[in-house]
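The file my_file15.txt comes next; it holds compact mmCIF, C-alpha atoms and all ligand atoms.
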```txt
# COMPACT_ATOMS: atom_id res chain seq x y z
CA MET A 181 2.64 -40.39 -5.17
CA ASN A 182 3.33 -37.16 -3.28
CA HIS A 183 2.21 -33.75 -4.41
CA LEU A 184 4.45 -30.74 -4.97
CA PHE A 185 2.71 -27.40 -4.92
CA PHE A 186 4.81 -24.57 -6.32
CA ASP A 187 4.34 -20.88 -5.80
CA LEU A 188 4.74 -18.99 -9.12
CA ASP A 189 6.28 -15.53 -8.60
CA ASN A 190 9.94 -15.63 -7.55
CA THR A 191 9.75 -19.41 -7.20
CA LEU A 192 9.35 -20.47 -10.84
CA TRP A 193 8.87 -17.17 -12.70
CA ASP A 194 11.57 -14.62 -11.94
CA PHE A 195 9.26 -11.84 -10.86
CA ASP A 196 11.96 -9.56 -9.49
CA LYS A 197 14.08 -9.67 -12.62
CA ASN A 198 11.13 -9.45 -15.03
CA SER A 199 9.46 -6.67 -13.11
CA LYS A 200 12.63 -4.62 -12.86
CA VAL A 201 13.20 -4.71 -16.63
CA VAL A 202 9.65 -3.52 -17.32
CA LEU A 203 9.75 -0.84 -14.63
CA GLN A 204 13.03 0.48 -15.97
CA LYS A 205 11.58 0.74 -19.45
CA LEU A 206 8.49 2.60 -18.19
CA PHE A 207 10.69 4.84 -16.04
CA LEU A 208 12.92 5.86 -18.91
CA ASP A 209 10.24 6.04 -21.64
CA ASN A 210 8.11 8.36 -19.50
CA GLY A 211 10.91 10.64 -18.38
CA PHE A 212 10.62 9.87 -14.68
CA GLU A 213 14.27 10.60 -14.06
CA LYS A 214 13.41 14.24 -14.64
CA LYS A 215 9.91 14.16 -13.12
CA LEU A 216 11.11 12.59 -9.86
CA GLY A 217 14.66 13.92 -9.74
CA VAL A 218 16.15 10.50 -8.98
CA ASP A 219 17.70 7.72 -11.03
CA PHE A 220 15.99 4.40 -11.62
CA LYS A 221 17.88 2.54 -8.89
CA ILE A 222 16.76 4.89 -6.15
CA PHE A 223 13.18 4.80 -7.42
CA HIS A 224 13.21 1.03 -7.72
CA ASP A 225 14.57 0.46 -4.21
CA PHE A 226 11.66 2.44 -2.82
CA TYR A 227 9.06 0.91 -5.15
CA TYR A 228 10.22 -2.61 -4.30
CA LYS A 229 9.68 -2.09 -0.56
CA LYS A 230 6.38 -0.30 -1.10
CA ASN A 231 5.09 -3.05 -3.37
CA ASP A 232 6.01 -5.69 -0.79
CA GLU A 233 4.26 -3.73 1.95
CA LEU A 234 1.08 -3.35 -0.11
CA TRP A 235 1.04 -7.03 -1.09
CA HIS A 236 1.22 -7.87 2.59
CA LEU A 237 -1.87 -5.73 3.22
CA TYR A 238 -3.60 -7.44 0.29
CA TYR A 239 -2.87 -10.94 1.69
CA PHE A 240 -4.60 -9.96 4.89
CA ASP A 241 -7.54 -8.36 3.11
CA LYS A 242 -6.69 -4.84 4.23
CA ILE A 243 -6.72 -3.45 0.68
CA LYS A 244 -8.28 -4.50 -2.61
CA LYS A 245 -6.58 -5.40 -5.86
CA ALA A 246 -7.33 -2.10 -7.61
CA GLU A 247 -5.85 -0.11 -4.77
CA LEU A 248 -2.74 -2.27 -4.57
CA ARG A 249 -2.17 -1.82 -8.28
CA TYR A 250 -2.14 1.97 -8.46
CA ARG A 251 -0.91 2.71 -4.95
CA ARG A 252 2.47 1.06 -5.43
CA PHE A 253 3.06 3.69 -8.11
CA TYR A 254 1.18 6.56 -6.52
CA ASP A 255 2.94 6.16 -3.15
CA SER A 256 6.33 5.76 -4.81
CA PHE A 257 5.90 8.82 -7.03
CA LEU A 258 4.63 10.80 -4.04
CA ASN A 259 7.71 9.84 -2.04
CA PHE A 260 9.78 11.66 -4.66
CA GLY A 261 7.48 14.68 -4.74
CA LEU A 262 5.14 13.83 -7.60
CA ASP A 263 1.47 13.82 -6.60
CA ASN A 264 -0.40 12.54 -9.66
CA LEU A 265 -3.13 9.95 -9.32
CA ALA A 266 -4.08 9.83 -13.00
CA LEU A 267 -0.50 9.24 -14.11
CA SER A 268 -0.05 6.58 -11.41
CA LYS A 269 -3.08 4.72 -12.67
CA GLU A 270 -1.92 5.01 -16.28
CA ILE A 271 1.55 3.64 -15.51
CA SER A 272 0.03 0.92 -13.36
CA GLU A 273 -2.19 -0.24 -16.25
CA GLU A 274 0.74 -0.22 -18.62
CA TYR A 275 2.88 -2.19 -16.18
CA VAL A 276 0.19 -4.85 -15.63
CA ARG A 277 -0.35 -5.10 -19.39
CA ILE A 278 3.32 -5.57 -20.33
CA SER A 279 4.98 -7.40 -17.46
CA PRO A 280 3.35 -10.86 -17.71
CA TYR A 281 4.90 -11.31 -21.16
CA SER A 282 8.41 -11.36 -19.70
CA LYS A 283 9.91 -14.80 -19.85
CA GLU A 284 12.74 -15.07 -17.35
CA LEU A 285 12.37 -18.15 -15.15
CA LEU A 286 14.41 -18.99 -12.06
CA PRO A 287 17.54 -21.01 -12.86
CA GLY A 288 16.77 -24.72 -13.06
CA CYS A 289 12.99 -24.24 -13.29
CA ILE A 290 12.32 -26.40 -16.35
CA GLU A 291 14.96 -28.97 -15.39
CA ILE A 292 13.38 -29.40 -11.96
CA LEU A 293 9.86 -29.69 -13.35
CA GLU A 294 11.07 -32.33 -15.82
CA HIS A 295 12.87 -34.12 -13.00
CA PHE A 296 9.84 -34.40 -10.72
CA ASN A 297 7.25 -34.78 -13.44
CA SER A 298 7.25 -38.57 -13.41
CA THR A 299 7.65 -39.10 -9.67
CA HIS A 300 5.27 -36.48 -8.24
CA HIS A 301 2.05 -34.72 -9.04
CA LEU A 302 2.90 -31.08 -9.70
CA HIS A 303 0.61 -28.13 -8.97
CA ILE A 304 0.73 -24.37 -8.55
CA ILE A 305 -0.81 -22.23 -5.82
CA THR A 306 -0.30 -18.54 -6.52
CA ASN A 307 -1.65 -15.40 -4.94
CA GLY A 308 -1.31 -13.40 -8.12
CA PHE A 309 -4.09 -12.06 -10.30
CA ALA A 310 -5.75 -14.45 -12.75
CA GLU A 311 -5.34 -12.57 -16.02
CA VAL A 312 -1.68 -11.91 -15.28
CA GLN A 313 -0.70 -15.33 -13.91
CA ASN A 314 -2.34 -17.23 -16.78
CA ILE A 315 -0.35 -15.25 -19.35
CA LYS A 316 2.93 -15.97 -17.52
CA ILE A 317 2.15 -19.69 -17.26
CA ASP A 318 1.23 -20.04 -20.94
CA ASN A 319 3.86 -17.72 -22.32
CA CYS A 320 6.67 -19.62 -20.58
CA GLY A 321 5.36 -23.06 -21.53
CA LEU A 322 4.68 -24.07 -17.93
CA ARG A 323 1.04 -25.13 -18.11
CA ASN A 324 1.49 -28.74 -19.17
CA TYR A 325 3.64 -29.59 -16.18
CA PHE A 326 0.82 -28.95 -13.72
CA LYS A 327 -2.35 -30.81 -12.85
CA GLU A 328 -3.94 -28.14 -10.69
CA ILE A 329 -3.22 -24.45 -11.10
CA ILE A 330 -4.84 -22.61 -8.23
CA ILE A 331 -4.92 -18.85 -8.63
CA SER A 332 -6.10 -17.25 -5.41
CA GLU A 333 -8.27 -14.64 -7.09
CA GLU A 334 -10.35 -17.28 -8.88
CA HIS A 335 -11.34 -18.85 -5.57
CA GLY A 336 -11.58 -15.81 -3.33
CA LEU A 337 -8.89 -17.31 -1.09
CA THR A 338 -5.27 -16.25 -0.56
CA LYS A 339 -2.24 -17.89 1.00
CA PRO A 340 -1.54 -18.04 3.96
CA HIS A 341 -5.19 -18.82 4.79
CA VAL A 342 -5.60 -22.50 5.54
CA ASP A 343 -8.62 -22.78 3.21
CA ILE A 344 -6.53 -22.41 0.06
CA PHE A 345 -4.35 -25.34 1.15
CA ARG A 346 -7.45 -27.42 1.92
CA LEU A 347 -8.72 -26.52 -1.55
CA GLY A 348 -5.41 -27.76 -2.96
CA GLU A 349 -5.86 -31.09 -1.20
CA ARG A 350 -9.43 -31.45 -2.48
CA LEU A 351 -8.59 -30.60 -6.08
CA ALA A 352 -5.52 -32.84 -6.07
CA LYS A 353 -7.57 -35.58 -4.32
CA THR A 354 -5.01 -36.06 -1.60
CA THR A 355 -4.32 -35.42 2.08
CA ALA A 356 -2.11 -32.97 3.97
CA ASP A 357 0.59 -35.55 4.77
CA LYS A 358 1.30 -36.00 1.05
CA CYS A 359 1.66 -32.30 0.24
CA ILE A 360 4.76 -30.13 0.03
CA MET A 361 4.57 -26.40 -0.67
CA ILE A 362 7.60 -24.75 -2.29
CA GLY A 363 7.74 -20.97 -2.22
CA ASP A 364 9.72 -17.83 -1.55
CA ASN A 365 7.35 -16.08 0.84
CA TRP A 366 7.84 -16.96 4.48
CA VAL A 367 4.36 -16.00 5.58
CA SER A 368 2.12 -16.97 2.69
CA ASP A 369 3.94 -20.06 1.44
CA VAL A 370 5.81 -21.47 4.41
CA GLU A 371 3.75 -20.55 7.45
CA GLY A 372 0.56 -21.04 5.47
CA ALA A 373 1.52 -24.57 4.41
CA VAL A 374 2.86 -25.62 7.80
CA GLY A 375 -0.29 -24.26 9.43
CA ALA A 376 -2.28 -26.58 7.15
CA GLY A 377 -0.20 -29.56 8.22
CA TRP A 378 1.90 -29.65 5.04
CA LYS A 379 5.64 -29.74 4.67
CA ALA A 380 7.21 -26.60 3.24
CA VAL A 381 10.35 -25.76 1.34
CA TYR A 382 11.41 -22.15 1.77
CA PHE A 383 13.15 -20.70 -1.24
CA GLU A 384 15.40 -18.15 0.42
CA GLY A 385 16.08 -15.07 -1.62
CA ASN A 386 17.02 -11.84 0.08
CA LYS A 387 15.20 -12.88 3.23
CA LYS A 388 16.40 -15.71 5.42
CA ALA A 389 14.18 -18.20 7.23
CA GLU A 390 12.67 -16.70 10.37
CA TYR A 391 13.01 -19.83 12.51
CA GLU A 392 13.64 -23.55 12.31
CA HIS A 393 10.81 -26.09 12.23
CA GLN A 394 10.76 -29.83 11.61
CA ASN A 395 8.44 -29.43 8.61
CA ILE A 396 10.46 -26.68 6.92
CA SER A 397 13.49 -27.12 4.65
CA CYS A 398 15.37 -24.26 3.04
CA ILE A 399 16.93 -23.96 -0.40
CA THR A 400 18.74 -21.15 -2.17
CA SER A 401 18.36 -22.65 -5.66
CA LEU A 402 15.74 -24.88 -7.27
CA TYR A 403 18.44 -27.43 -8.10
CA GLU A 404 18.68 -28.25 -4.37
CA LEU A 405 15.18 -29.73 -4.50
CA LYS A 406 16.63 -32.89 -6.07
CA ALA A 407 18.58 -33.60 -2.90
CA ILE A 408 15.84 -32.92 -0.36
CA ILE A 409 12.68 -34.32 -1.96
MG MG B 501 6.36 -15.86 -4.59
```
Give the structure from this file in structure tokens form.
Ligand SMILES: [Mg+2]
Amino acid sequence: MNHLFFDLDNTLWDFDKNSKVVLQKLFLDNGFEKKLGVDFKIFHDFYYKKNDELWHLYYFDKIKKAELRYRRFYDSFLNFGLDNLALSKEISEEYVRISPYSKELLPGCIEILEHFNSTHHLHIITNGFAEVQNIKIDNCGLRNYFKEIIISEEHGLTKPHVDIFRLGERLAKTTADKCIMIGDNWVSDVEGAVGAGWKAVYFEGNKKAEYEHQNISCITSLYELKAII
């Protein structure tokens, strides 16, 4: 039996949608429209890029978790003229506390897990933070679908480093040729998996595949997995 390893954020759990709803609530409840002099959309466009940039630094060990968490707010507020570290940290804490309870999954998520449940071993490899990812997995009823749930922080390893894929093989008691990684991040999911000798399915969102490779397939919806796996 082959092994499907899913990424969590923006592959199963709709991070972008869930995050945006929570950010908008925090933005409005705390009067940021006035404090920053911009509407939520303009703030969010900047925050989204900044968050992505900081996560990239985190993957490559350039910044630590605590810094990532407050800096995405601090840098975004600063961009609109508000220099307030204490407030940034406060909002960051509130965001991390509330957001994992959001329940929006990507379309087809449960149907696809049900579909592959009897024909494949299903696992998760996520780079997120343990206390947050576990809440999302439990709150959305995902846990029972998966044999191994590998949360990078619990092992001191992050995708795209090859060691986290080797760990996946060891825990799942399998070999690279039987593993497929499915994820929305070109570097951490796709290049990481292919570098470990796995096949990869790239879930294209806003960003298209960067190049073609014999071990990489692309989908734009989870439903397409039925046709290619
Ligand atoms: Mg992801």
Can you build me a table of chain A residues sitting at most 12 Å from ligand MG 501 (chain B), with the closest atom pair per residue and its distance in Å to one decimal, using all atoms listed in the file, sorted by chain and residue number, as CSV?
```
residue,atom,partner,partner_atom,distance
A:Phe186,CA,B:MG501,MG,9.0
A:Asp187,CA,B:MG501,MG,5.5
A:Leu188,CA,B:MG501,MG,5.7
A:Asp189,CA,B:MG501,MG,4.0
A:Asn190,CA,B:MG501,MG,4.7
A:Thr191,CA,B:MG501,MG,5.6
A:Leu192,CA,B:MG501,MG,8.3
A:Trp193,CA,B:MG501,MG,8.6
A:Asp194,CA,B:MG501,MG,9.1
A:Phe195,CA,B:MG501,MG,8.0
A:Asp196,CA,B:MG501,MG,9.7
A:Asp232,CA,B:MG501,MG,10.9
A:Trp235,CA,B:MG501,MG,10.9
A:His236,CA,B:MG501,MG,11.9
A:Leu286,CA,B:MG501,MG,11.4
A:Ile304,CA,B:MG501,MG,10.9
A:Ile305,CA,B:MG501,MG,9.7
A:Thr306,CA,B:MG501,MG,7.4
A:Asn307,CA,B:MG501,MG,8.0
A:Gly308,CA,B:MG501,MG,8.8
A:Gln313,CA,B:MG501,MG,11.7
A:Lys339,CA,B:MG501,MG,10.5
A:Pro340,CA,B:MG501,MG,11.8
A:Met361,CA,B:MG501,MG,11.4
A:Ile362,CA,B:MG501,MG,9.3
A:Gly363,CA,B:MG501,MG,5.8
A:Asp364,CA,B:MG501,MG,4.9
A:Asn365,CA,B:MG501,MG,5.5
A:Trp366,CA,B:MG501,MG,9.3
A:Val367,CA,B:MG501,MG,10.4
A:Ser368,CA,B:MG501,MG,8.5
A:Asp369,CA,B:MG501,MG,7.7
A:Val370,CA,B:MG501,MG,10.6
A:Tyr382,CA,B:MG501,MG,10.3
A:Phe383,CA,B:MG501,MG,9.0
A:Glu384,CA,B:MG501,MG,10.6
A:Gly385,CA,B:MG501,MG,10.2
```
One residue among A:Thr400, A:Asn259, A:Ser298, A:Ser279 is nearest to Val312 of chain A when using all atoms listed in the file, and that residue is A:Ser279
Segment 209-219 of chain A environment, 12 Å, only C-alpha atoms, sequence neighbours closer than 5 positions dropped, as a ChimeraX atom specification
/A:202-204,224-226,253,256-264,267-268,270-271,274
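Coordinates place atom CA of Phe345 of chain A at a distance of 9.8 Å from atom CA of Val374 of chain A.
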Segment 317-352 of chain A rebuilt with N, CA and C atoms, output as a PDB file, in the frame of the given file:
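Listing of selection_21.pdb after writing:
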```pdb
ATOM      1  N   ILE A 317       2.099 -18.218 -17.211  1.00  0.00           N
ATOM      2  CA  ILE A 317       2.150 -19.690 -17.260  1.00  0.00           C
ATOM      3  C   ILE A 317       2.152 -20.181 -18.705  1.00  0.00           C
ATOM      4  N   ASP A 318       1.302 -19.606 -19.537  1.00  0.00           N
ATOM      5  CA  ASP A 318       1.230 -20.040 -20.940  1.00  0.00           C
ATOM      6  C   ASP A 318       2.428 -19.570 -21.747  1.00  0.00           C
ATOM      7  N   ASN A 319       2.800 -18.326 -21.532  1.00  0.00           N
ATOM      8  CA  ASN A 319       3.860 -17.720 -22.320  1.00  0.00           C
ATOM      9  C   ASN A 319       5.217 -18.389 -22.088  1.00  0.00           C
ATOM     10  N   CYS A 320       5.400 -18.957 -20.910  1.00  0.00           N
ATOM     11  CA  CYS A 320       6.670 -19.620 -20.580  1.00  0.00           C
ATOM     12  C   CYS A 320       6.581 -21.130 -20.747  1.00  0.00           C
ATOM     13  N   GLY A 321       5.485 -21.618 -21.289  1.00  0.00           N
ATOM     14  CA  GLY A 321       5.360 -23.060 -21.530  1.00  0.00           C
ATOM     15  C   GLY A 321       5.287 -23.884 -20.259  1.00  0.00           C
ATOM     16  N   LEU A 322       4.720 -23.352 -19.203  1.00  0.00           N
ATOM     17  CA  LEU A 322       4.680 -24.070 -17.930  1.00  0.00           C
ATOM     18  C   LEU A 322       3.412 -24.912 -17.745  1.00  0.00           C
ATOM     19  N   ARG A 323       2.346 -24.558 -18.455  1.00  0.00           N
ATOM     20  CA  ARG A 323       1.040 -25.130 -18.110  1.00  0.00           C
ATOM     21  C   ARG A 323       1.006 -26.650 -18.092  1.00  0.00           C
ATOM     22  N   ASN A 324       1.625 -27.285 -19.052  1.00  0.00           N
ATOM     23  CA  ASN A 324       1.490 -28.740 -19.170  1.00  0.00           C
ATOM     24  C   ASN A 324       2.174 -29.531 -18.050  1.00  0.00           C
ATOM     25  N   TYR A 325       2.997 -28.876 -17.284  1.00  0.00           N
ATOM     26  CA  TYR A 325       3.640 -29.590 -16.180  1.00  0.00           C
ATOM     27  C   TYR A 325       2.688 -29.789 -14.998  1.00  0.00           C
ATOM     28  N   PHE A 326       1.620 -29.001 -14.949  1.00  0.00           N
ATOM     29  CA  PHE A 326       0.820 -28.950 -13.720  1.00  0.00           C
ATOM     30  C   PHE A 326      -0.576 -29.525 -13.889  1.00  0.00           C
ATOM     31  N   LYS A 327      -0.987 -30.269 -12.861  1.00  0.00           N
ATOM     32  CA  LYS A 327      -2.350 -30.810 -12.850  1.00  0.00           C
ATOM     33  C   LYS A 327      -3.325 -29.737 -12.387  1.00  0.00           C
ATOM     34  N   GLU A 328      -3.066 -29.193 -11.213  1.00  0.00           N
ATOM     35  CA  GLU A 328      -3.940 -28.140 -10.690  1.00  0.00           C
ATOM     36  C   GLU A 328      -3.180 -26.821 -10.655  1.00  0.00           C
ATOM     37  N   ILE A 329      -3.793 -25.785 -11.194  1.00  0.00           N
ATOM     38  CA  ILE A 329      -3.220 -24.450 -11.100  1.00  0.00           C
ATOM     39  C   ILE A 329      -4.236 -23.592 -10.346  1.00  0.00           C
ATOM     40  N   ILE A 330      -3.895 -23.305  -9.097  1.00  0.00           N
ATOM     41  CA  ILE A 330      -4.840 -22.610  -8.230  1.00  0.00           C
ATOM     42  C   ILE A 330      -4.415 -21.150  -8.105  1.00  0.00           C
ATOM     43  N   ILE A 331      -5.215 -20.281  -8.678  1.00  0.00           N
ATOM     44  CA  ILE A 331      -4.920 -18.850  -8.630  1.00  0.00           C
ATOM     45  C   ILE A 331      -5.884 -18.236  -7.618  1.00  0.00           C
ATOM     46  N   SER A 332      -5.310 -17.658  -6.578  1.00  0.00           N
ATOM     47  CA  SER A 332      -6.100 -17.250  -5.410  1.00  0.00           C
ATOM     48  C   SER A 332      -7.350 -16.456  -5.804  1.00  0.00           C
ATOM     49  N   GLU A 333      -7.169 -15.525  -6.718  1.00  0.00           N
ATOM     50  CA  GLU A 333      -8.270 -14.640  -7.090  1.00  0.00           C
ATOM     51  C   GLU A 333      -9.487 -15.401  -7.636  1.00  0.00           C
ATOM     52  N   GLU A 334      -9.247 -16.517  -8.281  1.00  0.00           N
ATOM     53  CA  GLU A 334     -10.350 -17.280  -8.880  1.00  0.00           C
ATOM     54  C   GLU A 334     -11.186 -18.010  -7.833  1.00  0.00           C
ATOM     55  N   HIS A 335     -10.640 -18.116  -6.618  1.00  0.00           N
ATOM     56  CA  HIS A 335     -11.340 -18.850  -5.570  1.00  0.00           C
ATOM     57  C   HIS A 335     -11.702 -17.973  -4.381  1.00  0.00           C
ATOM     58  N   GLY A 336     -11.307 -16.699  -4.441  1.00  0.00           N
ATOM     59  CA  GLY A 336     -11.580 -15.810  -3.330  1.00  0.00           C
ATOM     60  C   GLY A 336     -10.835 -16.202  -2.064  1.00  0.00           C
ATOM     61  N   LEU A 337      -9.705 -16.881  -2.231  1.00  0.00           N
ATOM     62  CA  LEU A 337      -8.890 -17.310  -1.090  1.00  0.00           C
ATOM     63  C   LEU A 337      -7.449 -16.932  -1.374  1.00  0.00           C
ATOM     64  N   THR A 338      -6.691 -16.531  -0.339  1.00  0.00           N
ATOM     65  CA  THR A 338      -5.270 -16.250  -0.560  1.00  0.00           C
ATOM     66  C   THR A 338      -4.435 -17.012   0.456  1.00  0.00           C
ATOM     67  N   LYS A 339      -3.217 -17.405   0.027  1.00  0.00           N
ATOM     68  CA  LYS A 339      -2.240 -17.890   1.000  1.00  0.00           C
ATOM     69  C   LYS A 339      -1.954 -16.697   1.925  1.00  0.00           C
ATOM     70  N   PRO A 340      -1.751 -16.794   3.204  1.00  0.00           N
ATOM     71  CA  PRO A 340      -1.540 -18.040   3.960  1.00  0.00           C
ATOM     72  C   PRO A 340      -2.794 -18.659   4.570  1.00  0.00           C
ATOM     73  N   HIS A 341      -3.991 -18.252   4.156  1.00  0.00           N
ATOM     74  CA  HIS A 341      -5.190 -18.820   4.790  1.00  0.00           C
ATOM     75  C   HIS A 341      -5.262 -20.324   4.555  1.00  0.00           C
ATOM     76  N   VAL A 342      -5.608 -21.037   5.585  1.00  0.00           N
ATOM     77  CA  VAL A 342      -5.600 -22.500   5.540  1.00  0.00           C
ATOM     78  C   VAL A 342      -6.560 -23.028   4.458  1.00  0.00           C
ATOM     79  N   ASP A 343      -7.616 -22.300   4.172  1.00  0.00           N
ATOM     80  CA  ASP A 343      -8.620 -22.780   3.210  1.00  0.00           C
ATOM     81  C   ASP A 343      -8.057 -22.999   1.806  1.00  0.00           C
ATOM     82  N   ILE A 344      -7.067 -22.231   1.424  1.00  0.00           N
ATOM     83  CA  ILE A 344      -6.530 -22.410   0.060  1.00  0.00           C
ATOM     84  C   ILE A 344      -5.694 -23.699  -0.003  1.00  0.00           C
ATOM     85  N   PHE A 345      -5.100 -24.072   1.113  1.00  0.00           N
ATOM     86  CA  PHE A 345      -4.350 -25.340   1.150  1.00  0.00           C
ATOM     87  C   PHE A 345      -5.314 -26.520   1.185  1.00  0.00           C
ATOM     88  N   ARG A 346      -6.416 -26.358   1.909  1.00  0.00           N
ATOM     89  CA  ARG A 346      -7.450 -27.420   1.920  1.00  0.00           C
ATOM     90  C   ARG A 346      -8.038 -27.579   0.512  1.00  0.00           C
ATOM     91  N   LEU A 347      -8.223 -26.468  -0.178  1.00  0.00           N
ATOM     92  CA  LEU A 347      -8.720 -26.520  -1.550  1.00  0.00           C
ATOM     93  C   LEU A 347      -7.732 -27.294  -2.430  1.00  0.00           C
ATOM     94  N   GLY A 348      -6.446 -27.036  -2.230  1.00  0.00           N
ATOM     95  CA  GLY A 348      -5.410 -27.760  -2.960  1.00  0.00           C
ATOM     96  C   GLY A 348      -5.516 -29.257  -2.750  1.00  0.00           C
ATOM     97  N   GLU A 349      -5.715 -29.654  -1.504  1.00  0.00           N
ATOM     98  CA  GLU A 349      -5.860 -31.090  -1.200  1.00  0.00           C
ATOM     99  C   GLU A 349      -7.081 -31.673  -1.916  1.00  0.00           C
ATOM    100  N   ARG A 350      -8.190 -30.942  -1.865  1.00  0.00           N
ATOM    101  CA  ARG A 350      -9.430 -31.450  -2.480  1.00  0.00           C
ATOM    102  C   ARG A 350      -9.277 -31.587  -3.990  1.00  0.00           C
ATOM    103  N   LEU A 351      -8.732 -30.556  -4.623  1.00  0.00           N
ATOM    104  CA  LEU A 351      -8.590 -30.600  -6.080  1.00  0.00           C
ATOM    105  C   LEU A 351      -7.602 -31.677  -6.511  1.00  0.00           C
ATOM    106  N   ALA A 352      -6.546 -31.847  -5.717  1.00  0.00           N
ATOM    107  CA  ALA A 352      -5.520 -32.840  -6.070  1.00  0.00           C
ATOM    108  C   ALA A 352      -5.934 -34.236  -5.578  1.00  0.00           C
TER     109      ALA A 352
END
```
